[in-house]
file model_19.cif (mmCIF, N, CA and C atoms)
data_start
loop_
_atom_site.label_atom_id
_atom_site.label_comp_id
_atom_site.auth_asym_id
_atom_site.auth_seq_id
_atom_site.Cartn_x
_atom_site.Cartn_y
_atom_site.Cartn_z
N MET A 156 83.10 111.10 114.24
CA MET A 156 83.28 109.74 114.69
C MET A 156 83.89 108.91 113.57
N ALA A 157 84.81 108.02 113.94
CA ALA A 157 85.43 107.15 112.95
C ALA A 157 84.38 106.20 112.37
N LYS A 158 84.49 105.98 111.07
CA LYS A 158 83.56 105.08 110.40
C LYS A 158 84.11 103.67 110.34
N LYS A 159 85.40 103.54 110.63
CA LYS A 159 86.05 102.24 110.63
C LYS A 159 86.80 102.07 111.95
N LEU A 160 86.82 100.85 112.44
CA LEU A 160 87.50 100.55 113.69
C LEU A 160 88.41 99.35 113.47
N VAL A 161 89.68 99.53 113.78
CA VAL A 161 90.66 98.45 113.71
C VAL A 161 91.08 98.15 115.14
N ILE A 162 90.91 96.89 115.54
CA ILE A 162 91.24 96.49 116.91
C ILE A 162 92.31 95.41 116.86
N LYS A 163 93.42 95.67 117.52
CA LYS A 163 94.48 94.67 117.64
C LYS A 163 94.36 94.06 119.03
N VAL A 164 94.17 92.74 119.06
CA VAL A 164 94.04 92.01 120.33
C VAL A 164 95.35 91.29 120.57
N THR A 165 96.05 91.68 121.63
CA THR A 165 97.33 91.05 121.97
C THR A 165 97.20 90.04 123.09
N ALA A 166 96.06 90.06 123.77
CA ALA A 166 95.86 89.22 124.95
C ALA A 166 94.95 88.05 124.64
N GLY A 167 95.18 86.96 125.35
CA GLY A 167 94.32 85.78 125.25
C GLY A 167 93.96 85.33 126.65
N ALA A 168 94.10 84.05 126.89
CA ALA A 168 93.81 83.51 128.22
C ALA A 168 94.77 84.05 129.27
N ASP A 169 95.90 84.59 128.83
CA ASP A 169 96.88 85.16 129.76
C ASP A 169 96.40 86.46 130.41
N ALA A 170 95.49 87.16 129.76
CA ALA A 170 94.91 88.41 130.29
C ALA A 170 93.43 88.43 129.87
N PRO A 171 92.61 87.60 130.51
CA PRO A 171 91.24 87.40 130.03
C PRO A 171 90.37 88.64 129.99
N GLU A 172 90.51 89.54 130.94
CA GLU A 172 89.66 90.74 130.93
C GLU A 172 89.99 91.63 129.74
N ARG A 173 91.25 91.82 129.48
CA ARG A 173 91.66 92.65 128.34
C ARG A 173 91.20 92.01 127.03
N CYS A 174 91.34 90.70 126.94
CA CYS A 174 90.91 89.97 125.76
C CYS A 174 89.41 90.12 125.55
N SER A 175 88.65 89.89 126.57
CA SER A 175 87.19 90.00 126.48
C SER A 175 86.75 91.41 126.12
N GLN A 176 87.41 92.40 126.70
CA GLN A 176 87.06 93.79 126.39
C GLN A 176 87.24 94.08 124.91
N ALA A 177 88.32 93.59 124.33
CA ALA A 177 88.58 93.83 122.91
C ALA A 177 87.48 93.25 122.03
N PHE A 178 87.12 92.00 122.29
CA PHE A 178 86.09 91.36 121.49
C PHE A 178 84.71 91.94 121.75
N THR A 179 84.44 92.37 122.98
CA THR A 179 83.16 93.00 123.30
C THR A 179 83.02 94.32 122.56
N VAL A 180 84.07 95.14 122.57
CA VAL A 180 84.04 96.41 121.84
C VAL A 180 83.85 96.14 120.35
N ALA A 181 84.53 95.16 119.83
CA ALA A 181 84.40 94.82 118.40
C ALA A 181 82.96 94.42 118.06
N ALA A 182 82.38 93.56 118.89
CA ALA A 182 81.02 93.09 118.62
C ALA A 182 79.99 94.23 118.74
N VAL A 183 80.17 95.10 119.71
CA VAL A 183 79.26 96.24 119.85
C VAL A 183 79.40 97.18 118.65
N ALA A 184 80.62 97.39 118.20
CA ALA A 184 80.84 98.26 117.04
C ALA A 184 80.19 97.66 115.80
N VAL A 185 80.36 96.35 115.60
CA VAL A 185 79.72 95.68 114.45
C VAL A 185 78.21 95.86 114.54
N ALA A 186 77.65 95.64 115.72
CA ALA A 186 76.20 95.77 115.90
C ALA A 186 75.73 97.21 115.66
N SER A 187 76.63 98.17 115.83
CA SER A 187 76.30 99.58 115.62
C SER A 187 76.50 100.02 114.18
N GLY A 188 76.91 99.08 113.33
CA GLY A 188 77.08 99.40 111.92
C GLY A 188 78.46 99.91 111.54
N VAL A 189 79.41 99.82 112.45
CA VAL A 189 80.77 100.27 112.17
C VAL A 189 81.51 99.18 111.39
N ASP A 190 82.34 99.59 110.44
CA ASP A 190 83.19 98.67 109.69
C ASP A 190 84.33 98.26 110.64
N VAL A 191 84.37 96.99 111.04
CA VAL A 191 85.31 96.53 112.07
C VAL A 191 86.29 95.51 111.49
N SER A 192 87.55 95.69 111.87
CA SER A 192 88.61 94.75 111.53
C SER A 192 89.34 94.39 112.83
N VAL A 193 89.31 93.12 113.19
CA VAL A 193 89.98 92.66 114.41
C VAL A 193 91.21 91.86 114.01
N TRP A 194 92.32 92.18 114.66
CA TRP A 194 93.60 91.51 114.41
C TRP A 194 93.98 90.68 115.62
N LEU A 195 94.23 89.40 115.39
CA LEU A 195 94.67 88.49 116.45
C LEU A 195 96.19 88.44 116.45
N THR A 196 96.78 88.87 117.56
CA THR A 196 98.23 88.86 117.70
C THR A 196 98.58 88.28 119.07
N GLY A 197 99.82 87.87 119.23
CA GLY A 197 100.24 87.32 120.52
C GLY A 197 99.38 86.14 120.91
N GLU A 198 99.01 86.09 122.18
CA GLU A 198 98.25 84.95 122.69
C GLU A 198 96.83 84.83 122.12
N SER A 199 96.29 85.93 121.61
CA SER A 199 94.96 85.83 121.00
C SER A 199 94.99 85.06 119.69
N ALA A 200 96.16 84.83 119.14
CA ALA A 200 96.30 84.08 117.89
C ALA A 200 95.64 82.70 117.97
N TRP A 201 95.65 82.12 119.15
CA TRP A 201 95.06 80.79 119.33
C TRP A 201 93.57 80.77 119.02
N PHE A 202 92.89 81.91 119.14
CA PHE A 202 91.45 81.95 118.89
C PHE A 202 91.10 81.86 117.41
N ALA A 203 92.09 81.82 116.55
CA ALA A 203 91.84 81.59 115.13
C ALA A 203 91.60 80.11 114.84
N LEU A 204 91.88 79.27 115.81
CA LEU A 204 91.73 77.82 115.64
C LEU A 204 90.35 77.36 116.10
N PRO A 205 89.78 76.37 115.41
CA PRO A 205 88.47 75.86 115.80
C PRO A 205 88.47 75.36 117.25
N GLY A 206 87.44 75.73 117.99
CA GLY A 206 87.26 75.24 119.35
C GLY A 206 88.01 75.99 120.43
N ARG A 207 89.00 76.76 120.08
CA ARG A 207 89.80 77.44 121.11
C ARG A 207 89.03 78.51 121.86
N ALA A 208 88.17 79.25 121.18
CA ALA A 208 87.40 80.29 121.86
C ALA A 208 86.43 79.69 122.87
N ALA A 209 85.96 78.48 122.61
CA ALA A 209 85.02 77.81 123.52
C ALA A 209 85.69 77.46 124.85
N GLU A 210 86.99 77.35 124.86
CA GLU A 210 87.73 77.04 126.09
C GLU A 210 87.93 78.27 126.98
N PHE A 211 87.69 79.45 126.42
CA PHE A 211 87.91 80.71 127.14
C PHE A 211 86.73 80.98 128.06
N GLU A 212 87.04 81.28 129.32
CA GLU A 212 85.99 81.58 130.29
C GLU A 212 86.34 82.84 131.07
N LEU A 213 85.33 83.68 131.24
CA LEU A 213 85.48 84.87 132.07
C LEU A 213 84.11 85.18 132.66
N PRO A 214 84.00 85.14 134.01
CA PRO A 214 82.70 85.42 134.63
C PRO A 214 82.14 86.78 134.20
N HIS A 215 80.84 86.81 134.00
CA HIS A 215 80.10 88.04 133.67
C HIS A 215 80.47 88.62 132.31
N ALA A 216 81.02 87.80 131.43
CA ALA A 216 81.38 88.25 130.09
C ALA A 216 80.62 87.43 129.06
N ALA A 217 80.35 88.04 127.93
CA ALA A 217 79.70 87.30 126.84
C ALA A 217 80.62 86.17 126.39
N PRO A 218 80.05 85.06 125.96
CA PRO A 218 80.87 83.95 125.49
C PRO A 218 81.72 84.38 124.29
N LEU A 219 82.99 84.07 124.35
CA LEU A 219 83.92 84.48 123.29
C LEU A 219 83.51 83.94 121.92
N PRO A 220 83.05 82.70 121.80
CA PRO A 220 82.63 82.24 120.47
C PRO A 220 81.52 83.10 119.86
N ASP A 221 80.60 83.59 120.69
CA ASP A 221 79.52 84.45 120.19
C ASP A 221 80.08 85.78 119.69
N LEU A 222 81.03 86.34 120.43
CA LEU A 222 81.63 87.61 120.03
C LEU A 222 82.40 87.45 118.72
N ILE A 223 83.14 86.37 118.60
CA ILE A 223 83.90 86.10 117.37
C ILE A 223 82.94 85.90 116.20
N ASP A 224 81.85 85.17 116.42
CA ASP A 224 80.86 84.97 115.37
C ASP A 224 80.29 86.31 114.90
N SER A 225 80.07 87.23 115.82
CA SER A 225 79.56 88.56 115.46
C SER A 225 80.54 89.30 114.55
N VAL A 226 81.79 89.22 114.91
CA VAL A 226 82.81 89.88 114.08
C VAL A 226 82.87 89.23 112.70
N LEU A 227 82.88 87.91 112.66
CA LEU A 227 82.96 87.22 111.38
C LEU A 227 81.73 87.46 110.50
N ALA A 228 80.58 87.69 111.12
CA ALA A 228 79.35 87.89 110.36
C ALA A 228 79.34 89.21 109.60
N ALA A 229 79.95 90.24 110.16
CA ALA A 229 79.85 91.57 109.54
C ALA A 229 81.16 92.35 109.52
N GLY A 230 82.23 91.75 109.98
CA GLY A 230 83.52 92.44 109.99
C GLY A 230 84.60 91.52 109.44
N ARG A 231 85.83 91.82 109.81
CA ARG A 231 86.97 91.01 109.38
C ARG A 231 87.76 90.56 110.58
N LEU A 232 88.26 89.33 110.51
CA LEU A 232 89.10 88.76 111.56
C LEU A 232 90.39 88.29 110.90
N THR A 233 91.50 88.86 111.34
CA THR A 233 92.79 88.59 110.72
C THR A 233 93.76 88.07 111.76
N LEU A 234 94.49 87.05 111.40
CA LEU A 234 95.56 86.49 112.22
C LEU A 234 96.88 87.02 111.69
N CYS A 235 97.68 87.56 112.59
CA CYS A 235 99.00 88.09 112.24
C CYS A 235 99.88 86.99 111.65
N THR A 236 100.53 87.28 110.54
CA THR A 236 101.39 86.32 109.85
C THR A 236 102.48 85.77 110.76
N GLN A 237 103.22 86.65 111.42
CA GLN A 237 104.31 86.21 112.29
C GLN A 237 103.80 85.41 113.48
N CYS A 238 102.68 85.85 114.04
CA CYS A 238 102.10 85.15 115.19
C CYS A 238 101.66 83.75 114.79
N ALA A 239 101.09 83.62 113.61
CA ALA A 239 100.69 82.32 113.10
C ALA A 239 101.92 81.43 112.90
N ALA A 240 102.95 81.98 112.29
CA ALA A 240 104.16 81.20 112.02
C ALA A 240 104.81 80.71 113.32
N ARG A 241 104.86 81.57 114.32
CA ARG A 241 105.47 81.18 115.60
C ARG A 241 104.71 80.06 116.29
N ARG A 242 103.44 79.91 115.94
CA ARG A 242 102.60 78.87 116.55
C ARG A 242 102.30 77.73 115.58
N ASP A 243 102.97 77.73 114.45
CA ASP A 243 102.77 76.71 113.42
C ASP A 243 101.32 76.62 112.97
N ILE A 244 100.65 77.76 112.88
CA ILE A 244 99.27 77.82 112.40
C ILE A 244 99.30 78.20 110.93
N THR A 245 98.58 77.44 110.11
CA THR A 245 98.51 77.72 108.68
C THR A 245 97.09 78.10 108.29
N GLU A 246 96.93 78.52 107.04
CA GLU A 246 95.59 78.88 106.55
C GLU A 246 94.64 77.69 106.60
N GLN A 247 95.16 76.49 106.49
CA GLN A 247 94.32 75.29 106.55
C GLN A 247 93.82 75.01 107.96
N ASP A 248 94.46 75.58 108.97
CA ASP A 248 94.12 75.33 110.36
C ASP A 248 93.03 76.23 110.92
N VAL A 249 92.88 77.43 110.37
CA VAL A 249 92.03 78.44 110.99
C VAL A 249 90.55 78.23 110.68
N ILE A 250 89.70 78.84 111.52
CA ILE A 250 88.27 78.76 111.30
C ILE A 250 87.91 79.53 110.02
N GLU A 251 86.81 79.13 109.42
CA GLU A 251 86.39 79.76 108.17
C GLU A 251 86.15 81.25 108.38
N GLY A 252 86.67 82.04 107.46
CA GLY A 252 86.50 83.48 107.52
C GLY A 252 87.70 84.22 108.07
N VAL A 253 88.63 83.51 108.69
CA VAL A 253 89.84 84.15 109.22
C VAL A 253 90.89 84.21 108.12
N ARG A 254 91.48 85.38 107.94
CA ARG A 254 92.58 85.50 106.99
C ARG A 254 93.88 85.67 107.76
N ILE A 255 94.98 85.38 107.10
CA ILE A 255 96.30 85.59 107.68
C ILE A 255 96.97 86.70 106.87
N ALA A 256 97.42 87.73 107.56
CA ALA A 256 98.05 88.87 106.88
C ALA A 256 99.07 89.50 107.83
N GLY A 257 99.95 90.31 107.24
CA GLY A 257 101.05 90.88 108.00
C GLY A 257 100.92 92.35 108.33
N ALA A 258 102.01 92.87 108.87
CA ALA A 258 102.06 94.24 109.37
C ALA A 258 101.72 95.28 108.32
N GLN A 259 102.11 95.05 107.09
CA GLN A 259 101.81 96.01 106.03
C GLN A 259 100.31 96.23 105.89
N VAL A 260 99.54 95.15 105.94
CA VAL A 260 98.09 95.24 105.82
C VAL A 260 97.50 95.92 107.06
N PHE A 261 98.04 95.58 108.24
CA PHE A 261 97.57 96.22 109.47
C PHE A 261 97.79 97.73 109.41
N VAL A 262 98.99 98.15 109.03
CA VAL A 262 99.29 99.58 108.95
C VAL A 262 98.38 100.26 107.94
N GLN A 263 98.18 99.63 106.81
CA GLN A 263 97.30 100.20 105.79
C GLN A 263 95.89 100.40 106.34
N GLU A 264 95.35 99.40 107.04
CA GLU A 264 94.01 99.52 107.62
C GLU A 264 93.97 100.58 108.71
N ALA A 265 94.96 100.57 109.59
CA ALA A 265 94.96 101.48 110.74
C ALA A 265 95.11 102.94 110.35
N LEU A 266 95.78 103.20 109.23
CA LEU A 266 96.02 104.57 108.81
C LEU A 266 95.02 105.07 107.76
N ALA A 267 94.04 104.26 107.44
CA ALA A 267 93.03 104.67 106.47
C ALA A 267 92.22 105.84 107.01
N GLU A 268 91.69 106.63 106.09
CA GLU A 268 90.89 107.79 106.46
C GLU A 268 89.65 107.36 107.26
N ASP A 269 89.25 108.17 108.22
CA ASP A 269 88.08 107.92 109.06
C ASP A 269 88.18 106.62 109.84
N THR A 270 89.39 106.27 110.28
CA THR A 270 89.62 105.04 111.01
C THR A 270 90.18 105.32 112.38
N GLN A 271 89.68 104.58 113.36
CA GLN A 271 90.19 104.62 114.72
C GLN A 271 90.82 103.26 115.00
N ALA A 272 92.04 103.26 115.52
CA ALA A 272 92.70 102.00 115.87
C ALA A 272 92.81 101.90 117.39
N LEU A 273 92.53 100.70 117.92
CA LEU A 273 92.64 100.42 119.34
C LEU A 273 93.50 99.18 119.53
N VAL A 274 94.27 99.17 120.59
CA VAL A 274 95.09 98.00 120.91
C VAL A 274 94.76 97.55 122.33
N TYR A 275 94.45 96.27 122.44
CA TYR A 275 94.17 95.67 123.75
C TYR A 275 95.20 94.62 124.03
#
call {"tool": "encode", "arguments": {"input": "model_19.cif", "output": "structure tokens"}}
result
Amino acid sequence: MAKKLVIKVTAGADAPERCSQAFTVAAVAVASGVDVSVWLTGESAWFALPGRAAEFELPHAAPLPDLIDSVLAAGRLTLCTQCAARRDITEQDVIEGVRIAGAQVFVQEALAEDTQALVY
């Protein structure tokens, strides 16, 4: 079993079930003791901003702010550099604990030994 999990979330409010699934898997993995790194790309980039996750609703799903808090408590949450730039999001704009990094860092994490990468 992989000891590290890298999850790239490409969906946001545009595909709520896929988005929720990604964060749910991340939170369960964190709770299971797995080293988790979640990458916000595409429409999920907006969830790096304060208050945006609270606007997300999906029936029968855990609240997105709670899932994000779980990831931030014991894992890593990264906003894609290009996705941030396209949305005029800067390091000063994001919630505490979110870093902004690019494809090189994503590839490095995804290809690390004992790592499983998932894309939603």
call {"tool": "atom_distance", "arguments": {"input": "model_19.cif", "atom1": "atom N of A:Ala200", "atom2": "atom C of A:Gln259"}}
result
18.0 Å
call {"tool": "resolve_selection", "arguments": {"input": "model_19.cif", "expression": "the PyMOL selection byres (((chain A and resi 191 and name CA) around 7) and name CA)", "output": "ChimeraX atom specification"}}
result
/A:159-161,181,184-185,189-190,192-193,230-231
call {"tool": "write_last_selection", "arguments": {"input": "model_19.cif", "atoms": "N, CA and C atoms", "output": "PDB file, in the coordinates of the input"}}
result
ATOM      1  N   LYS A 159      85.400 103.540 110.630  1.00  0.00           N
ATOM      2  CA  LYS A 159      86.050 102.240 110.630  1.00  0.00           C
ATOM      3  C   LYS A 159      86.800 102.070 111.950  1.00  0.00           C
ATOM      4  N   LEU A 160      86.820 100.850 112.440  1.00  0.00           N
ATOM      5  CA  LEU A 160      87.500 100.550 113.690  1.00  0.00           C
ATOM      6  C   LEU A 160      88.410  99.350 113.470  1.00  0.00           C
ATOM      7  N   VAL A 161      89.680  99.530 113.780  1.00  0.00           N
ATOM      8  CA  VAL A 161      90.660  98.450 113.710  1.00  0.00           C
ATOM      9  C   VAL A 161      91.080  98.150 115.140  1.00  0.00           C
ATOM     10  N   ALA A 181      84.530  95.160 119.830  1.00  0.00           N
ATOM     11  CA  ALA A 181      84.400  94.820 118.400  1.00  0.00           C
ATOM     12  C   ALA A 181      82.960  94.420 118.060  1.00  0.00           C
ATOM     13  N   ALA A 184      80.620  97.390 118.200  1.00  0.00           N
ATOM     14  CA  ALA A 184      80.840  98.260 117.040  1.00  0.00           C
ATOM     15  C   ALA A 184      80.190  97.660 115.800  1.00  0.00           C
ATOM     16  N   VAL A 185      80.360  96.350 115.600  1.00  0.00           N
ATOM     17  CA  VAL A 185      79.720  95.680 114.450  1.00  0.00           C
ATOM     18  C   VAL A 185      78.210  95.860 114.540  1.00  0.00           C
ATOM     19  N   VAL A 189      79.410  99.820 112.450  1.00  0.00           N
ATOM     20  CA  VAL A 189      80.770 100.270 112.170  1.00  0.00           C
ATOM     21  C   VAL A 189      81.510  99.180 111.390  1.00  0.00           C
ATOM     22  N   ASP A 190      82.340  99.590 110.440  1.00  0.00           N
ATOM     23  CA  ASP A 190      83.190  98.670 109.690  1.00  0.00           C
ATOM     24  C   ASP A 190      84.330  98.260 110.640  1.00  0.00           C
ATOM     25  N   SER A 192      87.550  95.690 111.870  1.00  0.00           N
ATOM     26  CA  SER A 192      88.610  94.750 111.530  1.00  0.00           C
ATOM     27  C   SER A 192      89.340  94.390 112.830  1.00  0.00           C
ATOM     28  N   VAL A 193      89.310  93.120 113.190  1.00  0.00           N
ATOM     29  CA  VAL A 193      89.980  92.660 114.410  1.00  0.00           C
ATOM     30  C   VAL A 193      91.210  91.860 114.010  1.00  0.00           C
ATOM     31  N   GLY A 230      82.230  91.750 109.980  1.00  0.00           N
ATOM     32  CA  GLY A 230      83.520  92.440 109.990  1.00  0.00           C
ATOM     33  C   GLY A 230      84.600  91.520 109.440  1.00  0.00           C
ATOM     34  N   ARG A 231      85.830  91.820 109.810  1.00  0.00           N
ATOM     35  CA  ARG A 231      86.970  91.010 109.380  1.00  0.00           C
ATOM     36  C   ARG A 231      87.760  90.560 110.580  1.00  0.00           C
TER      37      ARG A 231
END
call {"tool": "atom_distance", "arguments": {"input": "model_19.cif", "atom1": "atom N of A:Thr245", "atom2": "atom CA of A:Ala217"}}
result
27.1 Å
call {"tool": "closest_residue", "arguments": {"input": "model_19.cif", "among": "A:Val164, A:Ala272, A:Cys174, A:Ala186", "to": "A:Ser225", "atoms": "only C-alpha atoms"}}
result
A:Ala186
call {"tool": "residues_around", "arguments": {"input": "model_19.cif", "residues": "A:Ala208", "least_positions_apart": "2", "cutoff": "7 Å", "atoms": "only C-alpha atoms", "output": "list in words"}}
result
Phe202, Gly206, Glu210, Phe211, Leu219 and Pro220 of chain A
call {"tool": "closest_residue", "arguments": {"input": "model_19.cif", "among": "A:His215, A:Ala239, A:Glu198, A:Val253", "to": "A:Ala170", "atoms": "all atoms listed in the file"}}
result
A:Glu198
call {"tool": "closest_residue", "arguments": {"input": "model_19.cif", "among": "A:Leu195, A:Leu234, A:Ala168, A:Val183", "to": "A:Asp221", "atoms": "only C-alpha atoms"}}
result
A:Val183
call {"tool": "atom_distance", "arguments": {"input": "model_19.cif", "atom1": "atom CA of A:Asp269", "atom2": "atom N of A:Ile162"}}
result
13.1 Å
call {"tool": "decode", "arguments": {"input": "model_19.cif", "residues": "stretch 244-254 of chain A", "atoms": "all heavy atoms", "output": "mmCIF file, in the first residue's frame"}}
result
data_model
loop_
_atom_site.group_PDB
_atom_site.id
_atom_site.type_symbol
_atom_site.label_atom_id
_atom_site.label_comp_id
_atom_site.auth_asym_id
_atom_site.auth_seq_id
_atom_site.Cartn_x
_atom_site.Cartn_y
_atom_site.Cartn_z
ATOM 1 N N ILE A 244 -5.156 35.197 -7.912
ATOM 2 C CA ILE A 244 -5.027 34.821 -6.504
ATOM 3 C C ILE A 244 -3.546 34.868 -6.142
ATOM 4 O O ILE A 244 -2.712 34.281 -6.834
ATOM 5 C CB ILE A 244 -5.591 33.408 -6.249
ATOM 6 C CG1 ILE A 244 -7.080 33.339 -6.607
ATOM 7 C CG2 ILE A 244 -5.362 32.995 -4.795
ATOM 8 C CD1 ILE A 244 -7.662 31.926 -6.558
ATOM 9 N N THR A 245 -3.231 35.535 -5.045
ATOM 10 C CA THR A 245 -1.848 35.631 -4.585
ATOM 11 C C THR A 245 -1.695 34.927 -3.239
ATOM 12 O O THR A 245 -2.689 34.551 -2.608
ATOM 13 C CB THR A 245 -1.412 37.100 -4.426
ATOM 14 O OG1 THR A 245 -2.144 37.671 -3.327
ATOM 15 C CG2 THR A 245 -1.665 37.906 -5.696
ATOM 16 N N GLU A 246 -0.458 34.810 -2.788
ATOM 17 C CA GLU A 246 -0.200 34.179 -1.488
ATOM 18 C C GLU A 246 -0.869 34.940 -0.347
ATOM 19 O O GLU A 246 -1.207 34.350 0.674
ATOM 20 C CB GLU A 246 1.303 34.063 -1.246
ATOM 21 C CG GLU A 246 1.956 33.014 -2.120
ATOM 22 C CD GLU A 246 3.445 32.858 -1.857
ATOM 23 O OE1 GLU A 246 4.011 33.619 -1.035
ATOM 24 O OE2 GLU A 246 4.046 31.973 -2.480
ATOM 25 N N GLN A 247 -1.058 36.237 -0.516
ATOM 26 C CA GLN A 247 -1.716 37.042 0.515
ATOM 27 C C GLN A 247 -3.221 36.772 0.581
ATOM 28 O O GLN A 247 -3.864 37.078 1.586
ATOM 29 C CB GLN A 247 -1.487 38.537 0.274
ATOM 30 C CG GLN A 247 -0.052 38.995 0.482
ATOM 31 C CD GLN A 247 0.896 38.567 -0.641
ATOM 32 O OE1 GLN A 247 0.506 38.480 -1.796
ATOM 33 N NE2 GLN A 247 2.136 38.284 -0.292
ATOM 34 N N ASP A 248 -3.789 36.199 -0.466
ATOM 35 C CA ASP A 248 -5.228 35.963 -0.545
ATOM 36 C C ASP A 248 -5.680 34.641 0.065
ATOM 37 O O ASP A 248 -6.827 34.520 0.479
ATOM 38 C CB ASP A 248 -5.690 35.970 -2.014
ATOM 39 C CG ASP A 248 -5.424 37.272 -2.718
ATOM 40 O OD1 ASP A 248 -5.563 38.340 -2.085
ATOM 41 O OD2 ASP A 248 -5.053 37.230 -3.913
ATOM 42 N N VAL A 249 -4.812 33.647 0.101
ATOM 43 C CA VAL A 249 -5.233 32.285 0.449
ATOM 44 C C VAL A 249 -5.363 32.085 1.955
ATOM 45 O O VAL A 249 -4.791 32.826 2.753
ATOM 46 C CB VAL A 249 -4.271 31.228 -0.148
ATOM 47 C CG1 VAL A 249 -4.245 31.325 -1.664
ATOM 48 C CG2 VAL A 249 -2.879 31.353 0.432
ATOM 49 N N ILE A 250 -6.122 31.039 2.315
ATOM 50 C CA ILE A 250 -6.281 30.705 3.726
ATOM 51 C C ILE A 250 -4.940 30.228 4.286
ATOM 52 O O ILE A 250 -4.087 29.722 3.546
ATOM 53 C CB ILE A 250 -7.391 29.654 3.949
ATOM 54 C CG1 ILE A 250 -7.145 28.383 3.137
ATOM 55 C CG2 ILE A 250 -8.749 30.223 3.643
ATOM 56 C CD1 ILE A 250 -8.192 27.305 3.334
ATOM 57 N N GLU A 251 -4.790 30.391 5.584
ATOM 58 C CA GLU A 251 -3.543 30.001 6.228
ATOM 59 C C GLU A 251 -3.279 28.512 6.028
ATOM 60 O O GLU A 251 -4.176 27.679 6.185
ATOM 61 C CB GLU A 251 -3.615 30.313 7.724
ATOM 62 C CG GLU A 251 -2.303 30.085 8.434
ATOM 63 C CD GLU A 251 -2.342 30.474 9.892
ATOM 64 O OE1 GLU A 251 -3.245 31.232 10.294
ATOM 65 O OE2 GLU A 251 -1.463 30.012 10.630
ATOM 66 N N GLY A 252 -2.051 28.197 5.671
ATOM 67 C CA GLY A 252 -1.656 26.811 5.468
ATOM 68 C C GLY A 252 -1.618 26.383 4.019
ATOM 69 O O GLY A 252 -1.066 25.332 3.700
ATOM 70 N N VAL A 253 -2.202 27.169 3.128
ATOM 71 C CA VAL A 253 -2.186 26.842 1.698
ATOM 72 C C VAL A 253 -0.918 27.406 1.084
ATOM 73 O O VAL A 253 -0.575 28.567 1.294
ATOM 74 C CB VAL A 253 -3.422 27.421 0.970
ATOM 75 C CG1 VAL A 253 -3.307 27.224 -0.542
ATOM 76 C CG2 VAL A 253 -4.690 26.784 1.496
ATOM 77 N N ARG A 254 -0.219 26.576 0.328
ATOM 78 C CA ARG A 254 0.948 27.061 -0.403
ATOM 79 C C ARG A 254 0.603 27.133 -1.882
ATOM 80 O O ARG A 254 -0.330 26.475 -2.349
ATOM 81 C CB ARG A 254 2.159 26.166 -0.182
ATOM 82 C CG ARG A 254 2.015 24.797 -0.839
ATOM 83 C CD ARG A 254 3.253 23.945 -0.736
ATOM 84 N NE ARG A 254 2.959 22.618 -1.283
ATOM 85 C CZ ARG A 254 3.855 21.719 -1.562
ATOM 86 N NH1 ARG A 254 5.132 21.947 -1.333
ATOM 87 N NH2 ARG A 254 3.498 20.546 -2.058
#
